[in-house]
>>> print(open('data22.pdb').read())   # PDB, C-alpha atoms, pLDDT in the B column
ATOM      1  CA  MET G  67     193.443-168.895 137.889  1.00 71.00           C
ATOM      2  CA  ASN G  68     194.130-166.566 140.780  1.00 81.00           C
ATOM      3  CA  ALA G  69     193.640-168.984 143.681  1.00 91.00           C
ATOM      4  CA  PRO G  70     194.359-168.260 147.350  1.00 94.00           C
ATOM      5  CA  PRO G  71     197.871-169.418 148.326  1.00 95.00           C
ATOM      6  CA  ARG G  72     196.779-172.547 150.212  1.00 96.00           C
ATOM      7  CA  VAL G  73     194.456-173.616 147.383  1.00 97.00           C
ATOM      8  CA  ALA G  74     197.216-173.161 144.788  1.00 96.00           C
ATOM      9  CA  GLN G  75     199.612-175.139 146.978  1.00 97.00           C
ATOM     10  CA  LEU G  76     197.114-177.991 147.379  1.00 97.00           C
ATOM     11  CA  LEU G  77     196.317-178.111 143.678  1.00 97.00           C
ATOM     12  CA  ALA G  78     200.012-178.736 143.008  1.00 97.00           C
ATOM     13  CA  ALA G  79     200.596-181.148 145.913  1.00 98.00           C
ATOM     14  CA  GLU G  80     200.919-184.899 145.694  1.00 98.00           C
ATOM     15  CA  PRO G  81     197.561-186.571 146.450  1.00 98.00           C
ATOM     16  CA  ALA G  82     198.580-188.079 149.815  1.00 98.00           C
ATOM     17  CA  VAL G  83     199.980-184.747 151.017  1.00 98.00           C
ATOM     18  CA  ALA G  84     196.911-182.873 149.805  1.00 98.00           C
ATOM     19  CA  LYS G  85     194.567-185.316 151.555  1.00 98.00           C
ATOM     20  CA  ARG G  86     196.366-184.948 154.890  1.00 98.00           C
ATOM     21  CA  GLU G  87     196.114-181.170 154.603  1.00 97.00           C
ATOM     22  CA  LEU G  88     192.486-181.181 153.470  1.00 98.00           C
ATOM     23  CA  ASP G  89     191.483-183.535 156.278  1.00 98.00           C
ATOM     24  CA  ARG G  90     192.789-181.083 158.869  1.00 97.00           C
ATOM     25  CA  LEU G  91     192.037-177.694 157.297  1.00 96.00           C
ATOM     26  CA  ALA G  92     188.857-175.735 157.928  1.00 95.00           C
ATOM     27  CA  PRO G  93     187.506-173.819 154.923  1.00 93.00           C
ATOM     28  CA  GLU G  94     188.527-170.559 156.606  1.00 93.00           C
ATOM     29  CA  GLU G  95     192.149-171.730 156.673  1.00 94.00           C
ATOM     30  CA  LEU G  96     191.934-172.997 153.122  1.00 95.00           C
ATOM     31  CA  LEU G  97     190.790-169.653 151.740  1.00 96.00           C
ATOM     32  CA  ALA G  98     192.854-167.368 154.014  1.00 94.00           C
ATOM     33  CA  PRO G  99     193.565-164.508 153.950  1.00 93.00           C
ATOM     34  CA  SER G 100     190.180-163.917 152.314  1.00 93.00           C
ATOM     35  CA  LYS G 101     187.118-163.653 154.500  1.00 93.00           C
ATOM     36  CA  ILE G 102     184.431-166.301 153.937  1.00 96.00           C
ATOM     37  CA  VAL G 103     181.030-164.875 153.021  1.00 96.00           C
ATOM     38  CA  SER G 104     179.476-168.148 151.798  1.00 96.00           C
ATOM     39  CA  SER G 105     180.197-171.149 153.998  1.00 96.00           C
ATOM     40  CA  ASP G 106     178.533-173.471 151.465  1.00 97.00           C
ATOM     41  CA  ASP G 107     180.852-172.339 148.686  1.00 97.00           C
ATOM     42  CA  ALA G 108     183.863-172.528 151.008  1.00 97.00           C
ATOM     43  CA  LEU G 109     182.998-176.180 151.683  1.00 97.00           C
ATOM     44  CA  LEU G 110     182.666-176.771 147.949  1.00 98.00           C
ATOM     45  CA  VAL G 111     186.227-175.516 147.402  1.00 98.00           C
ATOM     46  CA  LYS G 112     187.328-178.293 149.732  1.00 98.00           C
ATOM     47  CA  ALA G 113     185.160-180.798 147.816  1.00 98.00           C
ATOM     48  CA  ALA G 114     186.774-179.639 144.568  1.00 98.00           C
ATOM     49  CA  LEU G 115     190.269-180.164 145.936  1.00 98.00           C
ATOM     50  CA  TYR G 116     189.413-183.661 147.143  1.00 98.00           C
ATOM     51  CA  LEU G 117     187.979-184.361 143.696  1.00 98.00           C
ATOM     52  CA  HIS G 118     191.078-182.966 141.969  1.00 98.00           C
ATOM     53  CA  HIS G 119     193.209-185.523 143.800  1.00 98.00           C
ATOM     54  CA  GLY G 120     190.856-188.456 143.244  1.00 98.00           C
ATOM     55  CA  PHE G 121     189.287-188.666 146.706  1.00 98.00           C
ATOM     56  CA  LEU G 122     185.779-189.140 145.395  1.00 98.00           C
ATOM     57  CA  GLY G 123     184.169-190.274 148.648  1.00 97.00           C
ATOM     58  CA  GLU G 124     185.300-187.173 150.513  1.00 98.00           C
ATOM     59  CA  SER G 125     184.244-184.931 147.633  1.00 98.00           C
ATOM     60  CA  HIS G 126     180.858-186.647 147.443  1.00 98.00           C
ATOM     61  CA  THR G 127     180.216-186.325 151.175  1.00 97.00           C
ATOM     62  CA  ILE G 128     180.664-182.570 150.958  1.00 97.00           C
ATOM     63  CA  SER G 129     178.963-181.833 147.636  1.00 97.00           C
ATOM     64  CA  GLN G 130     175.835-183.850 148.385  1.00 95.00           C
ATOM     65  CA  GLN G 131     175.156-181.812 151.520  1.00 96.00           C
ATOM     66  CA  VAL G 132     175.267-178.425 149.751  1.00 97.00           C
ATOM     67  CA  ALA G 133     171.831-177.818 148.221  1.00 95.00           C
ATOM     68  CA  THR G 134     172.797-175.032 145.824  1.00 96.00           C
ATOM     69  CA  PRO G 135     173.365-174.955 142.062  1.00 96.00           C
ATOM     70  CA  SER G 136     177.136-175.102 142.614  1.00 97.00           C
ATOM     71  CA  GLY G 137     176.703-177.982 145.062  1.00 97.00           C
ATOM     72  CA  SER G 138     174.743-179.908 142.431  1.00 97.00           C
ATOM     73  CA  TYR G 139     177.379-178.991 139.844  1.00 98.00           C
ATOM     74  CA  TRP G 140     180.284-180.356 141.911  1.00 98.00           C
ATOM     75  CA  HIS G 141     178.158-183.406 142.731  1.00 98.00           C
ATOM     76  CA  GLY G 142     177.612-184.027 139.007  1.00 97.00           C
ATOM     77  CA  ILE G 143     181.312-183.666 138.214  1.00 98.00           C
ATOM     78  CA  MET G 144     182.169-186.124 140.991  1.00 98.00           C
ATOM     79  CA  HIS G 145     179.753-188.731 139.587  1.00 97.00           C
ATOM     80  CA  ARG G 146     181.231-188.242 136.115  1.00 97.00           C
ATOM     81  CA  ALA G 147     184.713-188.810 137.571  1.00 96.00           C
ATOM     82  CA  GLU G 148     183.580-192.122 139.068  1.00 96.00           C
ATOM     83  CA  GLY G 149     182.070-193.155 135.732  1.00 96.00           C
ATOM     84  CA  ASP G 150     178.396-192.923 136.720  1.00 97.00           C
ATOM     85  CA  LEU G 151     177.289-190.835 133.732  1.00 95.00           C
ATOM     86  CA  ASP G 152     173.534-191.233 134.266  1.00 96.00           C
ATOM     87  CA  ASN G 153     173.833-189.958 137.840  1.00 96.00           C
ATOM     88  CA  SER G 154     176.164-187.208 136.654  1.00 96.00           C
ATOM     89  CA  ARG G 155     173.662-186.000 134.078  1.00 95.00           C
ATOM     90  CA  TYR G 156     170.910-186.067 136.724  1.00 96.00           C
ATOM     91  CA  TRP G 157     172.916-183.696 138.908  1.00 96.00           C
ATOM     92  CA  TYR G 158     173.812-181.470 135.953  1.00 95.00           C
ATOM     93  CA  HIS G 159     170.088-181.172 135.253  1.00 94.00           C
ATOM     94  CA  ARG G 160     169.561-180.051 138.864  1.00 95.00           C
ATOM     95  CA  VAL G 161     172.148-177.256 138.468  1.00 96.00           C
ATOM     96  CA  GLY G 162     169.849-175.102 136.349  1.00 91.00           C
ATOM     97  CA  PRO G 163     171.256-171.892 134.872  1.00 91.00           C
ATOM     98  CA  HIS G 164     174.853-171.458 136.001  1.00 95.00           C
ATOM     99  CA  PRO G 165     177.455-168.989 134.699  1.00 96.00           C
ATOM    100  CA  VAL G 166     180.065-171.725 134.221  1.00 97.00           C
ATOM    101  CA  LEU G 167     177.693-173.994 132.277  1.00 93.00           C
ATOM    102  CA  GLN G 168     176.779-171.038 130.101  1.00 92.00           C
ATOM    103  CA  GLN G 169     180.468-170.277 129.542  1.00 94.00           C
ATOM    104  CA  ILE G 170     181.376-173.817 128.496  1.00 94.00           C
ATOM    105  CA  GLY G 171     178.200-174.457 126.512  1.00 90.00           C
ATOM    106  CA  GLY G 172     176.809-177.429 128.463  1.00 89.00           C
ATOM    107  CA  TYR G 173     177.962-180.894 129.483  1.00 91.00           C
ATOM    108  CA  PRO G 174     181.629-181.382 128.461  1.00 92.00           C
ATOM    109  CA  GLN G 175     182.323-184.078 125.900  1.00 87.00           C
ATOM    110  CA  ASP G 176     186.098-184.541 126.259  1.00 93.00           C
ATOM    111  CA  LYS G 177     188.929-184.340 128.785  1.00 94.00           C
ATOM    112  CA  PRO G 178     190.196-180.861 127.781  1.00 95.00           C
ATOM    113  CA  ALA G 179     186.671-179.469 128.149  1.00 95.00           C
ATOM    114  CA  GLU G 180     186.318-181.205 131.526  1.00 96.00           C
ATOM    115  CA  ARG G 181     189.604-179.656 132.689  1.00 96.00           C
ATOM    116  CA  ARG G 182     188.498-176.185 131.578  1.00 96.00           C
ATOM    117  CA  GLU G 183     185.164-176.722 133.317  1.00 97.00           C
ATOM    118  CA  PHE G 184     186.894-177.753 136.561  1.00 97.00           C
ATOM    119  CA  ASP G 185     189.142-174.680 136.499  1.00 97.00           C
ATOM    120  CA  LEU G 186     186.278-172.292 135.748  1.00 97.00           C
ATOM    121  CA  LEU G 187     183.989-173.813 138.377  1.00 98.00           C
ATOM    122  CA  LEU G 188     186.736-173.747 141.003  1.00 98.00           C
ATOM    123  CA  GLU G 189     187.439-170.096 140.214  1.00 97.00           C
ATOM    124  CA  HIS G 190     183.701-169.335 140.395  1.00 97.00           C
ATOM    125  CA  THR G 191     183.333-171.223 143.700  1.00 97.00           C
ATOM    126  CA  ILE G 192     186.305-169.445 145.291  1.00 97.00           C
ATOM    127  CA  HIS G 193     184.904-166.119 144.124  1.00 96.00           C
ATOM    128  CA  THR G 194     181.427-166.763 145.535  1.00 96.00           C
ATOM    129  CA  ALA G 195     182.892-168.139 148.776  1.00 97.00           C
ATOM    130  CA  THR G 196     184.897-164.986 149.368  1.00 95.00           C
ATOM    131  CA  THR G 197     182.829-162.198 147.768  1.00 91.00           C
ATOM    132  CA  GLY G 198     179.324-163.598 147.504  1.00 78.00           C
ATOM    133  CA  GLY G 199     179.232-162.432 143.884  1.00 67.00           C
ATOM    134  CA  THR G 200     179.134-164.473 140.736  1.00 59.00           C
ATOM    135  CA  THR G 201     181.631-164.692 137.895  1.00 51.00           C
ATOM    136  CA  THR G 202     180.891-164.705 134.204  1.00 44.00           C
TER     137      THR G 202
END
>>> encode(input="data22.pdb", output="structure tokens")
Amino acid sequence: MNAPPRVAQLLAAEPAVAKRELDRLAPEELLAPSKIVSSDDALLVKAALYLHHGFLGESHTISQQVATPSGSYWHGIMHRAEGDLDNSRYWYHRVGPHPVLQQIGGYPQDKPAERREFDLLLEHTIHTATTGGTTT
């Protein structure tokens, strides 16, 4: 994945360090030097990073306020991470057609597929946050 420098740094950081940074960073700082063209998707990048480090409450707070297919997608992944599979499937159903779901072939059934899904959705979300376009 070709992530912005701050995103790559936070993906590799220890959870406590990442949380401190995420708590203080605005999406614009997180995705610098790229210009933000979708504030919703920029927020979802932050939700994804919280989720990556296990901060489900913070991820949930962000993803539930973004009423887009990608917002529903991150919301569904967060509920799966907390073990609420019925709620997760509900949110997946709300996603509708999505390039990442098409690429992975539907709801992941194992940890490697979940990891691939996370990486692809994060890449897609960064791309739409900074270009407004979609990935395939």
>>> resolve_selection(input="data22.pdb", expression="the PyMOL selection byres ((chain G and resi 196) around 6)", output="PDB file with C-alpha atoms, keeping the file's coordinate frame")
ATOM      1  CA  LYS G 101     187.118-163.653 154.500  1.00 93.00           C
ATOM      2  CA  ILE G 102     184.431-166.301 153.937  1.00 96.00           C
ATOM      3  CA  VAL G 103     181.030-164.875 153.021  1.00 96.00           C
ATOM      4  CA  HIS G 193     184.904-166.119 144.124  1.00 96.00           C
ATOM      5  CA  THR G 194     181.427-166.763 145.535  1.00 96.00           C
ATOM      6  CA  ALA G 195     182.892-168.139 148.776  1.00 97.00           C
ATOM      7  CA  THR G 197     182.829-162.198 147.768  1.00 91.00           C
TER       8      THR G 197
END
>>> resolve_selection(input="data22.pdb", expression="the PyMOL selection byres ((chain G and resi 98) around 12)", output="MDAnalysis selection string")
chainID G and resid 69:74 91:97 99:102 108 192 195:196
>>> residues_around(input="data22.pdb", residues="Trp140 in chain G", least_positions_apart="5", cutoff="8 Å", atoms="only C-alpha atoms", output="list in words")
Leu110, Ala113, Ala114 and Ser129 of chain G
>>> resolve_selection(input="data22.pdb", expression="the PyMOL selection byres ((chain G and resi 166) around 9)", output="PyMOL selection string")
chain G and resi 163-165+167-172+183+186-187+190+201-202
>>> write_last_selection(input="data22.pdb", atoms="C-alpha atoms", output="mmCIF file, keeping the file's coordinate frame")
data_model
loop_
_atom_site.group_PDB
_atom_site.id
_atom_site.type_symbol
_atom_site.label_atom_id
_atom_site.label_comp_id
_atom_site.auth_asym_id
_atom_site.auth_seq_id
_atom_site.Cartn_x
_atom_site.Cartn_y
_atom_site.Cartn_z
ATOM 1 C CA PRO G 163 171.256 -171.892 134.872
ATOM 2 C CA HIS G 164 174.853 -171.458 136.001
ATOM 3 C CA PRO G 165 177.455 -168.989 134.699
ATOM 4 C CA LEU G 167 177.693 -173.994 132.277
ATOM 5 C CA GLN G 168 176.779 -171.038 130.101
ATOM 6 C CA GLN G 169 180.468 -170.277 129.542
ATOM 7 C CA ILE G 170 181.376 -173.817 128.496
ATOM 8 C CA GLY G 171 178.200 -174.457 126.512
ATOM 9 C CA GLY G 172 176.809 -177.429 128.463
ATOM 10 C CA GLU G 183 185.164 -176.722 133.317
ATOM 11 C CA LEU G 186 186.278 -172.292 135.748
ATOM 12 C CA LEU G 187 183.989 -173.813 138.377
ATOM 13 C CA HIS G 190 183.701 -169.335 140.395
ATOM 14 C CA THR G 201 181.631 -164.692 137.895
ATOM 15 C CA THR G 202 180.891 -164.705 134.204
#
>>> closest_residue(input="data22.pdb", among="G:Ser136, G:Ala78, G:Phe121, G:Asn68", to="Asp106 in chain G", atoms="all atoms listed in the file")
G:Ser136
>>> atom_distance(input="data22.pdb", atom1="CA of Pro174 in chain G", atom2="CA of Gly120 in chain G")
18.8 Å
>>> residues_around(input="data22.pdb", residues="Asn153 in chain G", least_positions_apart="6", cutoff="10 Å", atoms="all atoms listed in the file", output="list in words")
His141, Gly142, Ile143, Met144, His145, Arg146 and His159 of chain G
>>> atom_distance(input="data22.pdb", atom1="CA of Thr191 in chain G", atom2="CA of Val83 in chain G")
22.7 Å
>>> atom_distance(input="data22.pdb", atom1="CA of Ser105 in chain G", atom2="CA of Arg155 in chain G")
25.7 Å
>>> residues_around(input="data22.pdb", residues="Pro135 in chain G", least_positions_apart="2", cutoff="9 Å", atoms="all atoms listed in the file", output="compact mmCIF listing (two decimals) with C-alpha atoms, in the coordinates of the input")
# COMPACT_ATOMS: atom_id res chain seq x y z
CA VAL G 132 175.27 -178.42 149.75
CA ALA G 133 171.83 -177.82 148.22
CA GLY G 137 176.70 -177.98 145.06
CA SER G 138 174.74 -179.91 142.43
CA TYR G 139 177.38 -178.99 139.84
CA TRP G 140 180.28 -180.36 141.91
CA TYR G 158 173.81 -181.47 135.95
CA ARG G 160 169.56 -180.05 138.86
CA VAL G 161 172.15 -177.26 138.47
CA GLY G 162 169.85 -175.10 136.35
CA PRO G 163 171.26 -171.89 134.87
CA HIS G 164 174.85 -171.46 136.00
